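As provided, input.cif (mmCIF, C-alpha atoms) reads as follows.
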data_upload
loop_
_atom_site.label_atom_id
_atom_site.label_comp_id
_atom_site.auth_asym_id
_atom_site.auth_seq_id
_atom_site.Cartn_x
_atom_site.Cartn_y
_atom_site.Cartn_z
CA MET A 142 -17.45 -53.57 79.17
CA SER A 143 -21.25 -53.75 79.29
CA GLN A 144 -23.32 -52.53 76.36
CA PRO A 145 -24.28 -48.83 76.61
CA ILE A 146 -27.87 -47.92 77.44
CA TYR A 147 -29.59 -47.10 74.15
CA LEU A 148 -31.15 -43.62 74.27
CA ASP A 149 -31.20 -42.74 70.57
CA TYR A 150 -34.67 -43.98 69.60
CA ALA A 151 -35.24 -40.89 67.44
CA ALA A 152 -32.43 -42.09 65.15
CA THR A 153 -33.76 -45.62 64.87
CA THR A 154 -35.50 -48.24 66.97
CA PRO A 155 -34.66 -51.90 67.48
CA VAL A 156 -36.99 -54.21 65.62
CA ASP A 157 -39.58 -55.66 67.97
CA PRO A 158 -39.03 -59.44 68.39
CA GLU A 159 -42.55 -60.18 67.14
CA VAL A 160 -41.90 -58.07 64.05
CA ALA A 161 -38.65 -59.93 63.40
CA ARG A 162 -40.41 -63.28 63.76
CA GLN A 163 -43.03 -62.40 61.18
CA MET A 164 -40.39 -61.06 58.80
CA ALA A 165 -38.33 -64.25 59.09
CA ASP A 166 -41.36 -66.26 57.98
CA CYS A 167 -41.15 -64.51 54.59
CA LEU A 168 -37.55 -65.30 53.66
CA THR A 169 -37.01 -69.01 53.04
CA LEU A 170 -38.44 -71.78 50.85
CA THR A 171 -40.76 -72.95 53.62
CA GLY A 172 -42.06 -69.40 54.17
CA THR A 173 -43.89 -66.74 52.17
CA PHE A 174 -40.94 -65.83 49.95
CA GLY A 175 -42.76 -65.45 46.62
CA ASN A 176 -43.03 -62.36 44.46
CA PRO A 177 -46.35 -60.61 45.23
CA ALA A 178 -46.65 -59.79 41.52
CA SER A 179 -46.46 -63.47 40.52
CA THR A 180 -50.14 -64.18 39.96
CA SER A 181 -49.78 -67.56 38.26
CA HIS A 182 -49.13 -69.69 41.38
CA GLY A 183 -49.72 -69.95 45.10
CA PHE A 184 -46.33 -68.63 46.17
CA GLY A 185 -47.17 -65.27 44.64
CA TRP A 186 -50.76 -65.32 45.90
CA ASP A 187 -49.59 -65.97 49.46
CA ALA A 188 -47.08 -63.12 49.28
CA GLN A 189 -49.68 -60.78 47.84
CA GLU A 190 -52.05 -61.65 50.67
CA LYS A 191 -49.36 -60.82 53.26
CA VAL A 192 -48.68 -57.51 51.55
CA GLU A 193 -52.35 -56.54 51.62
CA ILE A 194 -52.74 -57.58 55.26
CA ALA A 195 -49.83 -55.27 56.08
CA ARG A 196 -51.39 -52.46 54.03
CA ALA A 197 -54.57 -52.85 56.05
CA GLN A 198 -52.58 -52.74 59.30
CA VAL A 199 -50.90 -49.47 58.35
CA ALA A 200 -54.21 -48.06 57.14
CA ALA A 201 -55.83 -49.00 60.46
CA LEU A 202 -53.10 -47.21 62.42
CA LEU A 203 -53.81 -44.01 60.47
CA ASN A 204 -57.59 -44.62 60.06
CA VAL A 205 -57.55 -44.38 56.28
CA ASP A 206 -58.64 -46.43 53.27
CA VAL A 207 -56.22 -49.22 52.34
CA ARG A 208 -56.01 -47.80 48.79
CA GLU A 209 -54.44 -44.64 50.24
CA ILE A 210 -51.25 -46.42 51.42
CA ILE A 211 -48.32 -46.68 48.98
CA TRP A 212 -45.17 -48.63 49.86
CA THR A 213 -41.81 -46.84 49.59
CA SER A 214 -38.29 -47.43 50.88
CA GLY A 215 -38.82 -45.01 53.76
CA ALA A 216 -39.80 -41.45 54.63
CA THR A 217 -37.01 -39.98 52.49
CA GLU A 218 -38.46 -41.57 49.36
CA SER A 219 -41.98 -40.71 50.49
CA ASP A 220 -40.99 -37.05 50.89
CA ASN A 221 -39.42 -37.04 47.43
CA LEU A 222 -42.44 -38.69 45.82
CA ALA A 223 -44.88 -36.34 47.55
CA ILE A 224 -43.06 -33.09 46.77
CA LYS A 225 -41.66 -33.85 43.34
CA GLY A 226 -44.78 -35.75 42.35
CA VAL A 227 -47.10 -32.86 43.19
CA MET A 228 -44.93 -30.26 41.50
CA ALA A 229 -44.57 -32.37 38.34
CA GLY A 230 -48.34 -32.56 38.06
CA SER A 231 -49.15 -28.94 38.93
CA SER A 232 -49.06 -25.72 36.93
CA ARG A 233 -48.40 -23.78 40.14
CA ARG A 234 -44.73 -23.17 40.94
CA HIS A 235 -44.55 -22.23 44.62
CA ILE A 236 -43.90 -24.35 47.74
CA VAL A 237 -44.05 -23.36 51.40
CA THR A 238 -41.94 -25.27 53.92
CA SER A 239 -39.89 -24.41 57.01
CA ALA A 240 -36.22 -23.85 57.79
CA ILE A 241 -36.12 -26.79 60.23
CA GLU A 242 -37.50 -29.59 58.08
CA HIS A 243 -35.65 -32.87 57.62
CA LYS A 244 -33.02 -32.77 54.88
CA ALA A 245 -35.23 -35.09 52.81
CA VAL A 246 -37.62 -32.16 52.44
CA LEU A 247 -35.09 -29.31 52.37
CA ASP A 248 -32.82 -30.92 49.78
CA THR A 249 -35.81 -31.89 47.63
CA CYS A 250 -37.05 -28.30 47.69
CA ALA A 251 -33.55 -27.03 46.87
CA PHE A 252 -33.45 -29.40 43.89
CA LEU A 253 -36.77 -28.05 42.63
CA GLU A 254 -35.56 -24.48 43.07
CA SER A 255 -32.84 -25.24 40.52
CA SER A 256 -35.58 -25.94 37.98
CA GLY A 257 -37.50 -22.71 38.60
CA VAL A 258 -39.79 -23.59 41.52
CA GLU A 259 -40.01 -20.85 44.18
CA VAL A 260 -39.78 -21.98 47.81
CA THR A 261 -40.69 -19.97 50.91
CA TYR A 262 -38.86 -21.15 54.05
CA LEU A 263 -40.76 -20.21 57.21
CA THR A 264 -38.72 -19.53 60.34
CA PRO A 265 -40.22 -21.11 63.47
CA ASP A 266 -40.68 -19.18 66.69
CA SER A 267 -38.26 -19.65 69.57
CA SER A 268 -40.14 -22.74 70.73
CA GLY A 269 -39.69 -24.42 67.34
CA ILE A 270 -43.30 -24.10 66.16
CA ILE A 271 -44.69 -22.83 62.84
CA THR A 272 -47.79 -20.78 63.53
CA ALA A 273 -51.01 -20.69 61.55
CA GLN A 274 -50.56 -16.95 61.05
CA GLN A 275 -47.13 -17.47 59.48
CA LEU A 276 -48.44 -20.05 57.08
CA SER A 277 -51.48 -18.02 56.08
CA ALA A 278 -49.30 -15.01 55.29
CA ALA A 279 -46.95 -17.11 53.15
CA LEU A 280 -49.60 -18.60 50.82
CA ARG A 281 -49.87 -17.19 47.30
CA PRO A 282 -52.21 -17.77 44.36
CA ASP A 283 -49.49 -19.93 42.76
CA THR A 284 -48.79 -22.05 45.87
CA ALA A 285 -49.10 -25.72 44.95
CA LEU A 286 -47.92 -27.39 48.14
CA VAL A 287 -47.15 -26.84 51.80
CA SER A 288 -44.73 -29.35 53.36
CA LEU A 289 -44.35 -29.16 57.13
CA MET A 290 -43.32 -31.86 59.59
CA HIS A 291 -45.50 -33.01 62.45
CA ALA A 292 -42.72 -33.62 64.98
CA ASN A 293 -39.23 -32.22 64.62
CA ASN A 294 -36.57 -34.93 64.58
CA GLU A 295 -34.06 -32.97 66.67
CA ILE A 296 -36.09 -31.16 69.30
CA GLY A 297 -39.30 -33.22 69.24
CA VAL A 298 -41.60 -30.18 69.06
CA LEU A 299 -45.05 -30.71 67.52
CA ASN A 300 -46.72 -28.53 64.92
CA ASP A 301 -50.50 -28.20 64.99
CA ILE A 302 -51.13 -30.03 61.72
CA ASP A 303 -54.89 -29.72 62.16
CA ALA A 304 -54.73 -25.91 62.18
CA LEU A 305 -52.08 -25.75 59.47
CA GLY A 306 -53.94 -28.20 57.27
CA THR A 307 -57.19 -26.28 57.65
CA ILE A 308 -55.51 -23.16 56.30
CA CYS A 309 -54.23 -25.14 53.32
CA ARG A 310 -57.60 -26.78 52.69
CA ASP A 311 -59.41 -23.41 52.79
CA ALA A 312 -56.89 -21.98 50.32
CA GLY A 313 -57.05 -24.95 47.94
CA VAL A 314 -53.40 -25.85 48.57
CA LEU A 315 -52.16 -29.42 49.07
CA PHE A 316 -50.68 -30.23 52.48
CA HIS A 317 -47.83 -32.74 52.92
CA VAL A 318 -46.70 -33.82 56.40
CA ASP A 319 -43.44 -35.61 57.21
CA ALA A 320 -44.61 -37.71 60.17
CA ALA A 321 -41.60 -40.02 60.43
CA GLN A 322 -41.12 -39.14 64.10
CA SER A 323 -44.77 -39.20 65.17
CA VAL A 324 -46.41 -42.18 63.44
CA GLY A 325 -46.69 -45.02 65.93
CA LYS A 326 -45.83 -42.69 68.83
CA LEU A 327 -48.92 -40.47 68.86
CA PRO A 328 -52.51 -41.11 67.74
CA LEU A 329 -53.03 -39.88 64.17
CA ASP A 330 -56.53 -39.95 62.68
CA LEU A 331 -56.11 -38.93 59.06
CA ALA A 332 -59.82 -39.43 58.43
CA SER A 333 -60.42 -36.25 60.42
CA LEU A 334 -57.18 -34.32 59.80
CA PRO A 335 -56.89 -32.04 56.72
CA VAL A 336 -53.75 -33.78 55.40
CA ASP A 337 -53.32 -34.75 51.74
CA LEU A 338 -49.99 -36.60 51.87
CA LEU A 339 -48.10 -38.08 54.82
CA SER A 340 -44.68 -39.78 54.98
CA LEU A 341 -43.60 -42.49 57.43
CA SER A 342 -40.73 -44.90 58.07
CA ALA A 343 -40.99 -48.33 59.73
CA HIS A 344 -37.67 -48.13 61.54
CA LYS A 345 -38.85 -45.20 63.66
CA PHE A 346 -41.43 -47.40 65.42
CA TYR A 347 -39.84 -50.85 65.84
CA GLY A 348 -40.05 -52.03 62.24
CA PRO A 349 -37.22 -52.72 59.80
CA LYS A 350 -35.10 -50.19 57.95
CA GLY A 351 -35.59 -49.78 54.21
CA ILE A 352 -39.39 -49.71 54.17
CA GLY A 353 -41.91 -46.91 54.58
CA ALA A 354 -45.14 -45.62 53.15
CA LEU A 355 -46.78 -42.56 51.69
CA TYR A 356 -50.41 -41.79 52.47
CA ILE A 357 -52.11 -40.25 49.44
CA ARG A 358 -55.61 -38.89 49.98
CA ARG A 359 -58.01 -40.23 47.36
CA ASN A 360 -61.15 -38.16 47.82
CA PRO A 361 -61.00 -35.84 46.05
CA GLY A 362 -58.02 -37.02 44.07
CA PHE A 363 -55.18 -34.91 42.69
CA ALA A 364 -52.35 -35.35 40.22
CA LEU A 365 -49.23 -37.04 41.64
CA GLU A 366 -46.59 -38.00 39.11
CA PRO A 367 -44.59 -41.16 39.91
CA GLN A 368 -40.83 -40.76 40.34
CA ILE A 369 -39.88 -44.43 39.79
CA HIS A 370 -41.10 -46.06 36.59
CA GLY A 371 -41.09 -49.64 35.42
CA GLY A 372 -44.05 -51.92 35.93
CA GLY A 373 -46.78 -49.75 37.37
CA HIS A 374 -46.76 -51.28 40.86
CA GLU A 375 -48.51 -49.58 43.80
CA PHE A 376 -51.46 -48.21 41.81
CA GLY A 377 -48.96 -46.77 39.34
CA PHE A 378 -47.28 -44.49 41.89
CA ARG A 379 -44.13 -46.51 42.64
CA SER A 380 -42.77 -49.30 40.46
CA GLY A 381 -40.53 -52.10 41.72
CA THR A 382 -40.77 -55.61 43.13
CA LEU A 383 -42.26 -55.45 46.60
CA ALA A 384 -40.08 -56.58 49.51
CA THR A 385 -42.61 -58.84 51.20
CA HIS A 386 -40.60 -59.40 54.39
CA GLN A 387 -40.05 -55.67 54.95
CA ILE A 388 -43.68 -54.82 54.20
CA VAL A 389 -44.83 -57.52 56.60
CA GLY A 390 -42.48 -55.99 59.18
CA LEU A 391 -43.99 -52.54 58.70
CA GLY A 392 -47.49 -53.96 59.02
CA ALA A 393 -46.64 -55.88 62.17
CA ALA A 394 -44.99 -52.79 63.67
CA ALA A 395 -48.09 -50.72 62.88
CA LYS A 396 -50.35 -53.29 64.54
CA LEU A 397 -48.16 -53.37 67.67
CA ALA A 398 -48.00 -49.57 67.77
CA GLN A 399 -51.78 -49.33 67.67
CA GLU A 400 -52.05 -51.84 70.53
CA HIS A 401 -49.40 -50.06 72.66
CA LEU A 402 -50.32 -46.40 72.08
CA ALA A 403 -52.70 -46.01 75.01
CA ASN A 404 -50.05 -47.19 77.47
CA GLU A 405 -46.88 -46.04 75.75
CA VAL A 406 -47.69 -42.34 75.47
CA PRO A 407 -48.08 -41.77 79.24
CA ARG A 408 -45.20 -44.15 80.04
CA LEU A 409 -42.76 -42.39 77.70
CA THR A 410 -43.96 -38.98 78.86
CA ALA A 411 -43.20 -40.01 82.45
CA LEU A 412 -39.74 -41.22 81.44
CA ARG A 413 -39.07 -37.95 79.64
CA GLN A 414 -40.09 -35.94 82.69
CA ARG A 415 -37.96 -38.17 84.93
CA LEU A 416 -34.98 -37.51 82.67
CA LEU A 417 -35.65 -33.77 82.65
CA SER A 418 -35.79 -33.75 86.44
CA HIS A 419 -32.26 -35.21 86.47
CA LEU A 420 -30.91 -32.84 83.82
CA SER A 421 -32.49 -29.72 85.33
CA GLN A 422 -30.34 -30.24 88.42
CA ILE A 423 -27.20 -29.75 86.33
CA PRO A 424 -26.19 -26.07 86.49
CA GLY A 425 -26.31 -24.32 83.12
CA SER A 426 -28.65 -26.82 81.41
CA HIS A 427 -31.25 -25.58 78.92
CA LEU A 428 -34.16 -27.46 77.33
CA ASN A 429 -34.44 -26.62 73.63
CA GLY A 430 -37.91 -26.29 72.13
CA ASP A 431 -41.37 -25.92 73.60
CA PRO A 432 -41.57 -27.69 76.98
CA GLN A 433 -45.18 -28.88 76.49
CA ARG A 434 -45.93 -29.33 72.77
CA ARG A 435 -43.51 -32.17 72.11
CA LEU A 436 -43.22 -35.88 71.50
CA PRO A 437 -43.28 -38.06 74.60
CA GLY A 438 -39.82 -39.46 74.01
CA ILE A 439 -37.41 -36.72 72.80
CA VAL A 440 -35.35 -34.34 74.93
CA ASN A 441 -32.90 -31.86 73.40
CA VAL A 442 -30.82 -30.12 76.03
CA SER A 443 -27.80 -27.80 75.93
CA PHE A 444 -25.14 -27.43 78.58
CA GLU A 445 -23.22 -24.20 79.08
CA ALA A 446 -19.44 -24.32 78.72
CA VAL A 447 -19.48 -27.86 77.31
CA ASP A 448 -18.92 -28.96 73.72
CA GLY A 449 -21.65 -31.36 72.64
CA GLU A 450 -19.38 -33.51 70.48
CA THR A 451 -16.89 -33.93 73.33
CA LEU A 452 -19.70 -34.64 75.78
CA MET A 453 -21.31 -37.23 73.53
CA ASN A 454 -17.99 -39.03 73.01
CA ALA A 455 -17.29 -39.01 76.73
CA LEU A 456 -20.58 -40.71 77.60
CA ALA A 457 -19.35 -44.31 77.47
CA GLY A 458 -22.36 -45.73 79.28
CA ILE A 459 -25.15 -44.32 77.11
CA ALA A 460 -25.83 -44.01 73.38
CA VAL A 461 -27.18 -40.56 72.46
CA SER A 462 -26.70 -38.10 69.60
CA ASN A 463 -26.15 -34.42 69.02
CA GLY A 464 -27.48 -32.15 66.34
CA SER A 465 -24.16 -31.02 64.95
CA ALA A 466 -23.14 -31.57 61.36
CA CYS A 467 -19.53 -32.73 61.35
CA THR A 468 -17.24 -31.97 58.46
CA SER A 469 -13.58 -32.78 58.02
CA ALA A 470 -12.48 -29.37 59.26
CA THR A 471 -15.16 -27.97 61.55
CA VAL A 472 -18.15 -28.82 63.70
CA GLU A 473 -21.12 -26.59 63.01
CA PRO A 474 -24.12 -26.21 65.33
CA SER A 475 -27.42 -27.79 64.40
CA PHE A 476 -29.31 -25.72 61.81
CA VAL A 477 -32.51 -26.53 63.73
CA LEU A 478 -31.21 -25.01 66.95
CA THR A 479 -29.77 -21.93 65.28
CA ALA A 480 -33.04 -21.40 63.38
CA ILE A 481 -34.99 -21.19 66.65
CA GLY A 482 -32.49 -18.70 68.08
CA VAL A 483 -30.35 -20.90 70.32
CA PRO A 484 -26.97 -19.13 70.70
CA ARG A 485 -24.09 -20.80 68.87
CA GLU A 486 -22.27 -21.73 72.08
CA LEU A 487 -25.34 -23.46 73.50
CA ALA A 488 -26.18 -25.10 70.18
CA LEU A 489 -22.70 -26.61 70.09
CA GLY A 490 -23.29 -28.01 73.58
CA ALA A 491 -26.54 -29.83 72.74
CA LEU A 492 -27.52 -33.46 73.15
CA ARG A 493 -30.59 -35.23 71.80
CA ILE A 494 -31.74 -37.98 74.15
CA SER A 495 -34.66 -40.14 73.06
CA VAL A 496 -36.40 -42.96 74.91
CA GLY A 497 -38.55 -45.79 73.66
CA ARG A 498 -40.33 -49.09 74.17
CA PHE A 499 -37.42 -50.85 75.86
CA THR A 500 -36.28 -47.96 78.11
CA SER A 501 -36.68 -48.43 81.87
CA GLU A 502 -36.68 -46.04 84.81
CA ALA A 503 -33.36 -47.55 85.87
CA ASP A 504 -31.94 -46.63 82.45
CA ILE A 505 -33.08 -43.04 82.92
CA ASP A 506 -31.60 -42.78 86.40
CA ALA A 507 -28.27 -44.22 85.27
CA ALA A 508 -28.16 -41.90 82.26
CA GLY A 509 -29.00 -38.83 84.31
CA GLN A 510 -26.23 -39.63 86.77
CA GLU A 511 -23.66 -40.25 84.05
CA ILE A 512 -24.49 -37.04 82.17
CA ALA A 513 -24.19 -35.03 85.39
CA ASP A 514 -20.86 -36.66 86.22
CA VAL A 515 -19.38 -36.17 82.76
CA VAL A 516 -20.56 -32.56 82.44
CA GLY A 517 -19.01 -31.77 85.79
CA ARG A 518 -15.75 -33.49 84.85
CA LEU A 519 -15.48 -31.71 81.53
CA ARG A 520 -16.13 -28.33 83.08
CA SER A 521 -13.50 -28.88 85.73
#
Could you render the structure as structure tokens?
Amino acid sequence: MSQPIYLDYAATTPVDPEVARQMADCLTLTGTFGNPASTSHGFGWDAQEKVEIARAQVAALLNVDVREIIWTSGATESDNLAIKGVMAGSSRRHIVTSAIEHKAVLDTCAFLESSGVEVTYLTPDSSGIITAQQLSAALRPDTALVSLMHANNEIGVLNDIDALGTICRDAGVLFHVDAAQSVGKLPLDLASLPVDLLSLSAHKFYGPKGIGALYIRRNPGFALEPQIHGGGHEFGFRSGTLATHQIVGLGAAAKLAQEHLANEVPRLTALRQRLLSHLSQIPGSHLNGDPQRRLPGIVNVSFEAVDGETLMNALAGIAVSNGSACTSATVEPSFVLTAIGVPRELALGALRISVGRFTSEADIDAAGQEIADVVGRLRS
């Protein structure tokens, strides 16, 4: 049996071969394997140089100062550091977020609620977007932080972080953005965007798993309490021995993303539209989320009278995902889809299909045909 066509790039991406090559050069005795904190010999100096080159590559992708990039284990840790770190250093006790954030944000906010922090959860409109008017109405004198994602991980819809950040800046409230799904896939110029903190993960744009970064705006600075102590690494924000090979991988992925953006955005948008043209021919199919304000590469679609879990398992030729949370006894619809008003039956029949750097038109055509065939077979 041939390998299924991979259409789950929103979950993770394969490491680009060039990224893997540069990472491999940092693992063995003949490579740059040293501890970047070892300042007494050349092995450590070489590793430190690689780390700083990678920091500059990530900073260039976001158009920020290199001192504003802090290494973490991924966007989940970055979200935790941003939210907990701000609240630990602030006398204000109110956070604004949304009901469709990633669990890394929602669970962190729930944890802080248990210690007396108040959290307002905004409900997006039916297209999946948080409006500037909603945010403005939710801000209070004691609001310390707003945490809203740029691109939703399930439906791919984009928030206007420029408009949302401007409201926060005018109100004197810090603005954190989870950009795990958009960094490396859309241009992001943080020098001109009113964003104070931004989370990213390497494995979402062809880098390795287990490494990410947090952008922390320096000018003007603000209090951010570290959550991991023990050595004062990363300007004191995140202690721990740096994983040179993973950091080099993130830097290489950022450099490749910057080089590919101009061509990849229109190419992936065309692939997405090609896929939608196939799916729209299936009776009873529904696109979830705003049809225009979305990432180039994510499609979330529901099919009437079809269970999404059954459909996903029946698609032997393609690798996709659904938004359902499976437990031992039941399958519940995606909380993102229910929050934007998708009926339970349609939410249970949803698939998330995401394309990427190594997806071809032939892959899209084959996937569209297989989904149509399987939906028809299941309905009959």
Considering all atoms listed in the file, return as a PDB file with C-alpha atoms, in the frame of the given file whatever protein or nucleic-acid residues lie within 12 Å of Ser342 in chain A, sequence-local ones (same chain, fewer than 5 positions apart) excluded.
ATOM      1  CA  ALA A 151     -35.240 -40.890  67.440  1.00  0.00           C
ATOM      2  CA  ALA A 152     -32.430 -42.090  65.150  1.00  0.00           C
ATOM      3  CA  THR A 153     -33.760 -45.620  64.870  1.00  0.00           C
ATOM      4  CA  THR A 154     -35.500 -48.240  66.970  1.00  0.00           C
ATOM      5  CA  VAL A 199     -50.900 -49.470  58.350  1.00  0.00           C
ATOM      6  CA  ILE A 211     -48.320 -46.680  48.980  1.00  0.00           C
ATOM      7  CA  TRP A 212     -45.170 -48.630  49.860  1.00  0.00           C
ATOM      8  CA  THR A 213     -41.810 -46.840  49.590  1.00  0.00           C
ATOM      9  CA  SER A 214     -38.290 -47.430  50.880  1.00  0.00           C
ATOM     10  CA  GLY A 215     -38.820 -45.010  53.760  1.00  0.00           C
ATOM     11  CA  ALA A 216     -39.800 -41.450  54.630  1.00  0.00           C
ATOM     12  CA  THR A 217     -37.010 -39.980  52.490  1.00  0.00           C
ATOM     13  CA  GLU A 218     -38.460 -41.570  49.360  1.00  0.00           C
ATOM     14  CA  SER A 219     -41.980 -40.710  50.490  1.00  0.00           C
ATOM     15  CA  ASP A 220     -40.990 -37.050  50.890  1.00  0.00           C
ATOM     16  CA  ASP A 319     -43.440 -35.610  57.210  1.00  0.00           C
ATOM     17  CA  ALA A 320     -44.610 -37.710  60.170  1.00  0.00           C
ATOM     18  CA  ALA A 321     -41.600 -40.020  60.430  1.00  0.00           C
ATOM     19  CA  GLN A 322     -41.120 -39.140  64.100  1.00  0.00           C
ATOM     20  CA  SER A 323     -44.770 -39.200  65.170  1.00  0.00           C
ATOM     21  CA  VAL A 324     -46.410 -42.180  63.440  1.00  0.00           C
ATOM     22  CA  GLY A 325     -46.690 -45.020  65.930  1.00  0.00           C
ATOM     23  CA  TYR A 347     -39.840 -50.850  65.840  1.00  0.00           C
ATOM     24  CA  GLY A 348     -40.050 -52.030  62.240  1.00  0.00           C
ATOM     25  CA  PRO A 349     -37.220 -52.720  59.800  1.00  0.00           C
ATOM     26  CA  LYS A 350     -35.100 -50.190  57.950  1.00  0.00           C
ATOM     27  CA  GLY A 351     -35.590 -49.780  54.210  1.00  0.00           C
ATOM     28  CA  ILE A 352     -39.390 -49.710  54.170  1.00  0.00           C
ATOM     29  CA  GLY A 353     -41.910 -46.910  54.580  1.00  0.00           C
ATOM     30  CA  ALA A 354     -45.140 -45.620  53.150  1.00  0.00           C
ATOM     31  CA  LEU A 355     -46.780 -42.560  51.690  1.00  0.00           C
ATOM     32  CA  TYR A 356     -50.410 -41.790  52.470  1.00  0.00           C
ATOM     33  CA  GLN A 387     -40.050 -55.670  54.950  1.00  0.00           C
ATOM     34  CA  ILE A 388     -43.680 -54.820  54.200  1.00  0.00           C
ATOM     35  CA  GLY A 390     -42.480 -55.990  59.180  1.00  0.00           C
ATOM     36  CA  LEU A 391     -43.990 -52.540  58.700  1.00  0.00           C
ATOM     37  CA  GLY A 392     -47.490 -53.960  59.020  1.00  0.00           C
ATOM     38  CA  ALA A 394     -44.990 -52.790  63.670  1.00  0.00           C
ATOM     39  CA  ALA A 395     -48.090 -50.720  62.880  1.00  0.00           C
TER      40      ALA A 395
END
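Under the PyMOL selection byres ((chain A and resi 318) around 10), the matching residues in the shown file are Asp220, Ala223, Val287, Ser288, Leu289, Met290, His291, Ala292, Ile302, Gly306, Phe316, His317, Asp319, Ala320, Ala321, Val336, Asp337, Leu338, Leu339, Ser340, Leu341, Leu355 and Tyr356 of chain A.
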For the residues in that selection, give me C-alpha atoms as a compact mmCIF listing (two decimals), keeping the file's coordinate frame.
# COMPACT_ATOMS: atom_id res chain seq x y z
CA ASP A 220 -40.99 -37.05 50.89
CA ALA A 223 -44.88 -36.34 47.55
CA VAL A 287 -47.15 -26.84 51.80
CA SER A 288 -44.73 -29.35 53.36
CA LEU A 289 -44.35 -29.16 57.13
CA MET A 290 -43.32 -31.86 59.59
CA HIS A 291 -45.50 -33.01 62.45
CA ALA A 292 -42.72 -33.62 64.98
CA ILE A 302 -51.13 -30.03 61.72
CA GLY A 306 -53.94 -28.20 57.27
CA PHE A 316 -50.68 -30.23 52.48
CA HIS A 317 -47.83 -32.74 52.92
CA ASP A 319 -43.44 -35.61 57.21
CA ALA A 320 -44.61 -37.71 60.17
CA ALA A 321 -41.60 -40.02 60.43
CA VAL A 336 -53.75 -33.78 55.40
CA ASP A 337 -53.32 -34.75 51.74
CA LEU A 338 -49.99 -36.60 51.87
CA LEU A 339 -48.10 -38.08 54.82
CA SER A 340 -44.68 -39.78 54.98
CA LEU A 341 -43.60 -42.49 57.43
CA LEU A 355 -46.78 -42.56 51.69
CA TYR A 356 -50.41 -41.79 52.47
Problem - Residues in the PyMOL selection byres ((chain A and resi 509) around 10), expressed as a PyMOL selection string - result: chain A and resi 415-423+459+503-508+510-514
Practice task
Go through the shown structure with the PyMOL selection byres ((chain A and resi 484-495) around 8) and write out the matching residues as a PyMOL selection string.
Solution key: chain A and resi 148-151+295-296+438-450+452-453+461-465+473-475+478-479+482-483+496-497
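Here CA of Gly230 in chain A is placed at a distance of 13.5 Å from CA of Val314 in chain A.
Here CA of Glu400 in chain A is placed at a distance of 15.6 Å from CA of Phe499 in chain A.
Between Thr173 in chain A and the residues A:Cys309, A:Ala279, A:Leu327, A:Val192, the shortest atom-to-atom distance, using all atoms listed in the file, involves A:Val192.
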Problem - Interatomic distance (Å, one decimal) between CA of Thr500 in chain A and CA of Ile146 in chain A - result: 8.4 Å
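Closest approach to Thr169 in chain A among A:Leu276, A:Phe184, A:Ile210, A:Cys250: A:Phe184, based on all atoms listed in the file.
Near (-37.8, -37.7, 39.7), the residues that fall inside 12 Å on the basis of all atoms listed in the file are Glu218, Ser219, Asp220, Asn221, Leu222, Ala223, Ile224, Lys225, Gly226, Val227, Met228, Ala229, Gly230, Thr249, Phe252, Leu253, Leu365, Glu366, Pro367, Gln368, Ile369, His370, Phe378 and Arg379 of chain A.
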Edge lengths and centre in Å to one decimal, as JSON, is what I'm after for the box along x, y and z that holds all listed atoms of range 170-189 of chain A once 4 Å is added on each side.
{"center_x": -44.6, "center_y": -66.4, "center_z": 46.2, "size_x": 20.3, "size_y": 21.2, "size_z": 23.9}
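Counting all atoms listed in the file and comparing A:Leu299, A:Ala457, A:Ile357, A:Ala393, the residue that lies closest to Asp431 in chain A is A:Leu299.
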Problem - Residue neighbourhood Pro437 in chain A, 7 Å, only C-alpha atoms, exclusion window fewer than 2 positions, as number ranges by chain - result: A: 406, 409-410, 413, 435, 439
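Nearest to Ile481 in chain A of all the residues A:Ala332, A:Ala188, A:Ile270, A:Cys167 is A:Ile270, counting only C-alpha atoms.
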Exercise for the section: Might you pull out every residue within 8 Å of Val205 in chain A, with all atoms listed in the file counted and same-chain residues fewer than 2 positions away left off, and present them as a PyMOL selection string? Expected result: chain A and resi 200-201+203+207+209+330-332
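The shortest atom-to-atom distance to Asn176 in chain A, with all atoms listed in the file taken into account, belongs to A:Thr385 out of A:Ser231, A:Thr385, A:Ser268, A:Asn360.
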Exercise for the section: Find the residues around Ile236 in chain A up to 7 Å (all atoms listed in the file counted), leave out those fewer than 6 positions away in its own chain, and share them as a PyMOL selection string. Expected result: chain A and resi 259-261+284-287
How would the residues just chosen look if you wrote them out with C-alpha atoms as a CSV table (one decimal), in the frame of the given file?
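The resulting file, selection23.csv, is shown below:
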chain,number,residue,atom,x,y,z
A,259,GLU,CA,-40.0,-20.8,44.2
A,260,VAL,CA,-39.8,-22.0,47.8
A,261,THR,CA,-40.7,-20.0,50.9
A,284,THR,CA,-48.8,-22.0,45.9
A,285,ALA,CA,-49.1,-25.7,45.0
A,286,LEU,CA,-47.9,-27.4,48.1
A,287,VAL,CA,-47.2,-26.8,51.8
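Nearest residue to Gln163 in chain A among A:His182, A:Lys191, A:Lys244, A:Arg208 is A:Lys191, counting all atoms listed in the file.
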Handout entry: Surrounding residues of Asp266 in chain A excluding itself and chain neighbours under 5 positions, 12 Å, only C-alpha atoms, as a ChimeraX atom specification
Key = /A:239-241,271-275,298,300,429-431,477-483
